[in-house]
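Q: Sharing a structure with you now.
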Amino acid sequence: CGEVDFMLFSIILFSSLALSFILKGSYENIFIVLATMAFYKQVIVNKNYKNLIYGALISFIGINLVISFIFKDYIVIKNTQPTKEKEETLVLLVSEGEDKNYNIRERSTQIYYEEGYKAMITGISNLYNYKSYYSKLGSSEFKHKAEEIAEKLRHSLGNGYRVVNSYLYSKPYFEYSVESIIEQGYTKIIICPLFMTEGTDYDVFMERYEELNLASRNIAGVEVLEPFYNANNLAQLYKDEILKNIRKSEEDSGVLLIGLHNKNNLEQDILFRERIKRYIEDAEKDIDIQIKLPLLENNKKDIIKSGEELLEYGISTLYVVAPTSTIDTVYTRHLVNSILEELDMGDTRFYYIDPPDKINTLVDTLYTKIILMQI
């Protein structure tokens, strides 16, 4: 074999290895076999090592480019014009979106929008992480919960409104939902971003919303609601659920109100968690409750440290709460699970609190904002 053949085998080896990391099912198995064959030929038979580094580098760049420009879905905006005008108000819910099962095209789309050019370096590792989240957690209930919100909001609003779900990183994509709405003749549109703060995903939403340039299509009656970080009833819900658990135990307790640093606007995230903390302290004077506000992503040490500090107060029960995510994705579920697995508090019991009435409270918040907007 010549140098070109050695380089080719190296590229096949590392490209197949990378693709086996991010693909599932039969495709994953095919590329594992290809990588094994290339490794046998290049390393065991030919004993050629000097091209491995170049092969790895070329494969790394090549597969990341494939993820950024070939695997992702391309969203093409059409200049749609309205037909006969409808009297109904269209309520469009916008959230991240996530398929029940691992979908490489949609996750590549998400990485592209959230990371931009950085995705050309991080694509393989991000897709591998998403694949591992699905493998550990089984499936995502994101769309099921998003549709539950839509169905309950339809029921609350009644006649005169139509409620539709759309997603940033899953089908139906936000832009295509807007085009369909315009084609059907809706001119009174209320867009409801289902985000806790004006963080990464909210910024992606606003950028894509502005690119639609709806004013140029004579669609002037569009209102965009703000995220949920100012929702007092949502903060009250968390307060009630936390106190219900603490009062039931009748023990001195600690609470970790965990924030999402990478996803959320940090200032708004902290404001919402501090509101919950204040509500708890104002409502409960008899039981000693110690509350910490650590951050979640890449801050496991911060959370463990906060838990250890709470132990110094002699608490016997620790409650873990992640209140700044409206609908949990596999990403947030994985992060919370990894924290719960790593928390080792000796004899201290710890529980994760996720209020069962959260969706109803989100719907009530949306309903109130929409009705007030019409007055």
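Going by the structure tokens order, chains are called A, B, ..., each with residues numbered from 1, while ligands are numbered from 1 in the order shown.
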If you count only C-alpha atoms, which residues fall within 12 Å of Tyr130 (chain A), apart from same-chain ones fewer than 4 positions away, as number ranges by chain?

A: A: 21-24, 98-99, 101-108, 110-111, 123-126, 134-140, 329-335

Q: Go ahead and compute the interatomic distance for CA of Leu296 (chain A) and CA of Asn262 (chain A), in Å to one decimal.

A: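 Those two atoms sit 8.6 Å apart.
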
Q: For region 239-246 of chain A, please output as a PyMOL selection string all residues within 7 Å (counting only C-alpha atoms; exclusion window: fewer than 6 positions along the same chain).

A: chain A and resi 253+276+279-280+355

Q: Keeping only all heavy atoms, write the selected residues to a file as a PDB file, in the first residue's frame.

A:
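Saved file part17.pdb follows:
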```
ATOM      1  N   SER A 253     -35.070  21.163  57.135  1.00  0.00           N
ATOM      2  CA  SER A 253     -34.795  20.747  55.755  1.00  0.00           C
ATOM      3  C   SER A 253     -33.936  21.770  55.028  1.00  0.00           C
ATOM      4  O   SER A 253     -33.876  22.947  55.386  1.00  0.00           O
ATOM      5  CB  SER A 253     -36.109  20.558  54.992  1.00  0.00           C
ATOM      6  OG  SER A 253     -36.947  19.615  55.626  1.00  0.00           O
ATOM      7  N   ILE A 276     -38.886  32.682  44.721  1.00  0.00           N
ATOM      8  CA  ILE A 276     -39.343  31.463  45.398  1.00  0.00           C
ATOM      9  C   ILE A 276     -38.778  31.416  46.819  1.00  0.00           C
ATOM     10  O   ILE A 276     -39.501  31.124  47.779  1.00  0.00           O
ATOM     11  CB  ILE A 276     -38.918  30.204  44.613  1.00  0.00           C
ATOM     12  CG1 ILE A 276     -39.551  30.180  43.228  1.00  0.00           C
ATOM     13  CG2 ILE A 276     -39.301  28.934  45.389  1.00  0.00           C
ATOM     14  CD1 ILE A 276     -39.015  29.086  42.324  1.00  0.00           C
ATOM     15  N   TYR A 279     -40.627  33.838  49.039  1.00  0.00           N
ATOM     16  CA  TYR A 279     -41.979  33.361  49.358  1.00  0.00           C
ATOM     17  C   TYR A 279     -41.936  32.270  50.435  1.00  0.00           C
ATOM     18  O   TYR A 279     -42.786  32.234  51.324  1.00  0.00           O
ATOM     19  CB  TYR A 279     -42.666  32.813  48.112  1.00  0.00           C
ATOM     20  CG  TYR A 279     -43.100  33.874  47.104  1.00  0.00           C
ATOM     21  CD1 TYR A 279     -43.456  33.514  45.811  1.00  0.00           C
ATOM     22  CD2 TYR A 279     -43.137  35.216  47.453  1.00  0.00           C
ATOM     23  CE1 TYR A 279     -43.857  34.479  44.888  1.00  0.00           C
ATOM     24  CE2 TYR A 279     -43.523  36.183  46.531  1.00  0.00           C
ATOM     25  CZ  TYR A 279     -43.877  35.807  45.250  1.00  0.00           C
ATOM     26  OH  TYR A 279     -44.273  36.760  44.348  1.00  0.00           O
ATOM     27  N   ILE A 280     -40.948  31.383  50.340  1.00  0.00           N
ATOM     28  CA  ILE A 280     -40.814  30.303  51.334  1.00  0.00           C
ATOM     29  C   ILE A 280     -40.499  30.896  52.705  1.00  0.00           C
ATOM     30  O   ILE A 280     -41.117  30.533  53.719  1.00  0.00           O
ATOM     31  CB  ILE A 280     -39.705  29.306  50.916  1.00  0.00           C
ATOM     32  CG1 ILE A 280     -40.138  28.515  49.668  1.00  0.00           C
ATOM     33  CG2 ILE A 280     -39.391  28.330  52.055  1.00  0.00           C
ATOM     34  CD1 ILE A 280     -39.035  27.668  49.061  1.00  0.00           C
ATOM     35  N   PRO A 355     -43.445  20.035  40.597  1.00  0.00           N
ATOM     36  CA  PRO A 355     -44.870  20.178  40.929  1.00  0.00           C
ATOM     37  C   PRO A 355     -45.786  19.533  39.889  1.00  0.00           C
ATOM     38  O   PRO A 355     -45.671  19.824  38.689  1.00  0.00           O
ATOM     39  CB  PRO A 355     -45.079  21.702  40.945  1.00  0.00           C
ATOM     40  CG  PRO A 355     -43.727  22.271  41.179  1.00  0.00           C
ATOM     41  CD  PRO A 355     -42.766  21.334  40.516  1.00  0.00           C
TER      42      PRO A 355
END
```

Q: Determine which residues of region 103-279 of chain A receive a DSSP assignment of strand (DSSP E), computed from the backbone, and state them as a list in words.

A: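 Filtering region 103-279 of chain A down to strand (DSSP E) leaves Tyr161, Arg162, Val163, Val164, Asn165, Ser166, Tyr167, Tyr186, Thr187, Lys188, Ile189, Ile190, Ile191, Cys192, Pro193, Val222, Glu223, Val224, Ser253, Gly254, Val255, Leu256 and Leu257 of chain A.
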
Q: Please report the interatomic distance between CA of Arg349 (chain A) and CA of Tyr319 (chain A) in Å with one decimal.

A: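 Separation of CA of Arg349 (chain A) and CA of Tyr319 (chain A): 8.5 Å.
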
Q: Give me the residues within 9 Å of Glu274 (chain A) as a PyMOL selection string, counting only C-alpha atoms and dropping any in the same chain fewer than 5 places off.

A: chain A and resi 257+269+279+293

Q: With only C-alpha atoms as the counted atoms, please give the residues lying no more than 10 Å from Ile61 (chain A), apart from itself and same-chain residues fewer than 3 positions off, as a PDB file with N, CA, C and O atoms, in the first residue's frame.

A:
```
ATOM      1  N   SER A  15     -13.504   8.335  10.560  1.00  0.00           N
ATOM      2  CA  SER A  15     -14.830   8.790  10.128  1.00  0.00           C
ATOM      3  C   SER A  15     -15.896   7.776  10.537  1.00  0.00           C
ATOM      4  O   SER A  15     -16.977   8.147  11.021  1.00  0.00           O
ATOM      5  N   ALA A  56      -7.289  11.289  11.832  1.00  0.00           N
ATOM      6  CA  ALA A  56      -8.217  11.704  12.888  1.00  0.00           C
ATOM      7  C   ALA A  56      -8.619  13.165  12.715  1.00  0.00           C
ATOM      8  O   ALA A  56      -9.805  13.514  12.857  1.00  0.00           O
ATOM      9  N   LEU A  57      -7.644  14.022  12.399  1.00  0.00           N
ATOM     10  CA  LEU A  57      -7.923  15.451  12.232  1.00  0.00           C
ATOM     11  C   LEU A  57      -8.839  15.711  11.041  1.00  0.00           C
ATOM     12  O   LEU A  57      -9.833  16.455  11.147  1.00  0.00           O
ATOM     13  N   ILE A  58      -8.543  15.088   9.902  1.00  0.00           N
ATOM     14  CA  ILE A  58      -9.364  15.271   8.700  1.00  0.00           C
ATOM     15  C   ILE A  58     -10.789  14.749   8.946  1.00  0.00           C
ATOM     16  O   ILE A  58     -11.775  15.390   8.573  1.00  0.00           O
ATOM     17  N   ASN A  64     -17.768  16.976  11.385  1.00  0.00           N
ATOM     18  CA  ASN A  64     -18.404  18.162  11.971  1.00  0.00           C
ATOM     19  C   ASN A  64     -19.016  19.059  10.900  1.00  0.00           C
ATOM     20  O   ASN A  64     -20.090  19.642  11.098  1.00  0.00           O
ATOM     21  N   LEU A  65     -18.351  19.160   9.740  1.00  0.00           N
ATOM     22  CA  LEU A  65     -18.917  19.928   8.628  1.00  0.00           C
ATOM     23  C   LEU A  65     -20.169  19.257   8.071  1.00  0.00           C
ATOM     24  O   LEU A  65     -21.149  19.923   7.725  1.00  0.00           O
ATOM     25  N   VAL A  66     -20.156  17.936   8.009  1.00  0.00           N
ATOM     26  CA  VAL A  66     -21.336  17.181   7.558  1.00  0.00           C
ATOM     27  C   VAL A  66     -22.510  17.437   8.497  1.00  0.00           C
ATOM     28  O   VAL A  66     -23.652  17.651   8.052  1.00  0.00           O
ATOM     29  N   MET A 120     -19.182  23.668  14.241  1.00  0.00           N
ATOM     30  CA  MET A 120     -18.230  22.991  13.358  1.00  0.00           C
ATOM     31  C   MET A 120     -17.092  22.340  14.137  1.00  0.00           C
ATOM     32  O   MET A 120     -16.273  21.625  13.570  1.00  0.00           O
ATOM     33  N   ILE A 121     -17.046  22.607  15.435  1.00  0.00           N
ATOM     34  CA  ILE A 121     -16.057  21.970  16.303  1.00  0.00           C
ATOM     35  C   ILE A 121     -16.734  21.014  17.288  1.00  0.00           C
ATOM     36  O   ILE A 121     -16.212  19.951  17.602  1.00  0.00           O
ATOM     37  N   GLY A 123     -19.926  19.615  17.032  1.00  0.00           N
ATOM     38  CA  GLY A 123     -21.041  18.816  16.512  1.00  0.00           C
ATOM     39  C   GLY A 123     -21.022  17.360  16.941  1.00  0.00           C
ATOM     40  O   GLY A 123     -22.035  16.822  17.422  1.00  0.00           O
ATOM     41  N   ILE A 124     -19.889  16.687  16.781  1.00  0.00           N
ATOM     42  CA  ILE A 124     -19.795  15.254  17.112  1.00  0.00           C
ATOM     43  C   ILE A 124     -20.067  15.027  18.594  1.00  0.00           C
ATOM     44  O   ILE A 124     -20.892  14.174  18.960  1.00  0.00           O
TER      45      ILE A 124
END
```

Q: From the set A:Phe6, A:Tyr238, A:Phe205, A:Phe195, which residue has the shortest atom-to-atom contact distance to Glu226 (chain A), counting only C-alpha atoms?

A: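 When distances to Glu226 (chain A) are compared using only C-alpha atoms, the smallest one comes from A:Phe195.
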
Q: Please list as a PDB file with N, CA, C and O atoms, in the first residue's frame every residue within 10 Å of Asn48 (chain A), counting only C-alpha atoms and excluding residues in the same chain fewer than 4 positions away.

A:
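around-v2.pdb was written with the following content:
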```pdb
ATOM      1  N   GLU A   3       1.283   5.667   0.398  1.00  0.00           N
ATOM      2  CA  GLU A   3       0.915   6.641   1.435  1.00  0.00           C
ATOM      3  C   GLU A   3      -0.542   7.068   1.311  1.00  0.00           C
ATOM      4  O   GLU A   3      -1.223   7.289   2.307  1.00  0.00           O
ATOM      5  N   PHE A   6      -2.678   4.432   2.868  1.00  0.00           N
ATOM      6  CA  PHE A   6      -2.584   4.485   4.327  1.00  0.00           C
ATOM      7  C   PHE A   6      -3.446   5.623   4.885  1.00  0.00           C
ATOM      8  O   PHE A   6      -4.134   5.463   5.887  1.00  0.00           O
ATOM      9  N   MET A   7      -3.367   6.794   4.213  1.00  0.00           N
ATOM     10  CA  MET A   7      -4.168   7.943   4.657  1.00  0.00           C
ATOM     11  C   MET A   7      -5.657   7.648   4.510  1.00  0.00           C
ATOM     12  O   MET A   7      -6.459   7.991   5.395  1.00  0.00           O
ATOM     13  N   PHE A   9      -7.205   4.725   4.634  1.00  0.00           N
ATOM     14  CA  PHE A   9      -7.632   3.803   5.688  1.00  0.00           C
ATOM     15  C   PHE A   9      -7.774   4.537   7.032  1.00  0.00           C
ATOM     16  O   PHE A   9      -8.682   4.250   7.815  1.00  0.00           O
ATOM     17  N   SER A  10      -6.873   5.502   7.284  1.00  0.00           N
ATOM     18  CA  SER A  10      -6.958   6.281   8.525  1.00  0.00           C
ATOM     19  C   SER A  10      -8.232   7.117   8.558  1.00  0.00           C
ATOM     20  O   SER A  10      -8.914   7.211   9.589  1.00  0.00           O
ATOM     21  N   LYS A  41      -6.790  -3.362   9.322  1.00  0.00           N
ATOM     22  CA  LYS A  41      -5.944  -3.202   8.140  1.00  0.00           C
ATOM     23  C   LYS A  41      -4.800  -2.219   8.407  1.00  0.00           C
ATOM     24  O   LYS A  41      -3.641  -2.476   8.052  1.00  0.00           O
ATOM     25  N   GLN A  42      -5.126  -1.090   9.046  1.00  0.00           N
ATOM     26  CA  GLN A  42      -4.144  -0.018   9.219  1.00  0.00           C
ATOM     27  C   GLN A  42      -3.147  -0.303  10.338  1.00  0.00           C
ATOM     28  O   GLN A  42      -1.947  -0.052  10.186  1.00  0.00           O
ATOM     29  N   VAL A  43      -3.628  -0.819  11.452  1.00  0.00           N
ATOM     30  CA  VAL A  43      -2.784  -0.960  12.641  1.00  0.00           C
ATOM     31  C   VAL A  43      -2.225  -2.373  12.801  1.00  0.00           C
ATOM     32  O   VAL A  43      -1.026  -2.553  13.043  1.00  0.00           O
ATOM     33  N   ILE A  44      -3.067  -3.372  12.653  1.00  0.00           N
ATOM     34  CA  ILE A  44      -2.628  -4.755  12.885  1.00  0.00           C
ATOM     35  C   ILE A  44      -1.818  -5.291  11.707  1.00  0.00           C
ATOM     36  O   ILE A  44      -0.731  -5.857  11.883  1.00  0.00           O
ATOM     37  N   LEU A  52      -2.223   8.191  11.408  1.00  0.00           N
ATOM     38  CA  LEU A  52      -3.422   8.153  12.268  1.00  0.00           C
ATOM     39  C   LEU A  52      -3.827   9.546  12.736  1.00  0.00           C
ATOM     40  O   LEU A  52      -5.018   9.880  12.742  1.00  0.00           O
TER      41      LEU A  52
END
```

Q: Using only C-alpha atoms, pick whichever of A:Thr197, A:Ser316, A:Asn233, A:Asn129 has the shortest atom-to-atom distance to Gln268 (chain A).

A: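 Ranking A:Thr197, A:Ser316, A:Asn233, A:Asn129 by distance to Gln268 (chain A), first place goes to A:Thr197.
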
Q: Using only C-alpha atoms, find the one residue out of A:Glu85, A:Glu175, A:Glu210, A:Asp328 that sits nearest to Val224 (chain A).

A: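 The shortest atom-to-atom distance to Val224 (chain A) comes from A:Glu210.
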
Q: Tell me which of A:Lys263, A:Lys131, A:Arg278, A:Lys78 sits closest to Asn213 (chain A), counting only C-alpha atoms.

A: A:Lys78

Q: Write out as a list of chain:residue names each polymer residue whose atoms come within 8 Å of Ile289 (chain A), counting only C-alpha atoms; drop sequence neighbours fewer than 3 positions from it.

A: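 Here the answer would be A:Asp252, A:Ser253, A:Gly254, A:Val255, A:Glu281.
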
Q: So, with only C-alpha atoms as the atoms that count, which of A:Lys143, A:Ile75, A:Ser26, A:Ile191 lies closest to Lys100 (chain A)?

A: A:Lys143

Q: Could you tell me which of A:Leu295, A:Gly55, A:Ile67, A:Leu17 comes closest to Tyr117 (chain A) if we count only C-alpha atoms?

A: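 Looking at the shortest contact to Tyr117 (chain A), the residue is A:Ile67.
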
Q: Please identify which residues in region 151-331 of chain A DSSP calls helix (DSSP H, G or I) from the backbone, and express them as a ChimeraX atom specification.

A: /A:151-157,174-183,200-212,214-217,232-249,266-283,300-311,330-331

Q: Just how far from CA of Ile219 (chain A) is CA of Ile182 (chain A), in Å to one decimal?

A: 8.1 Å
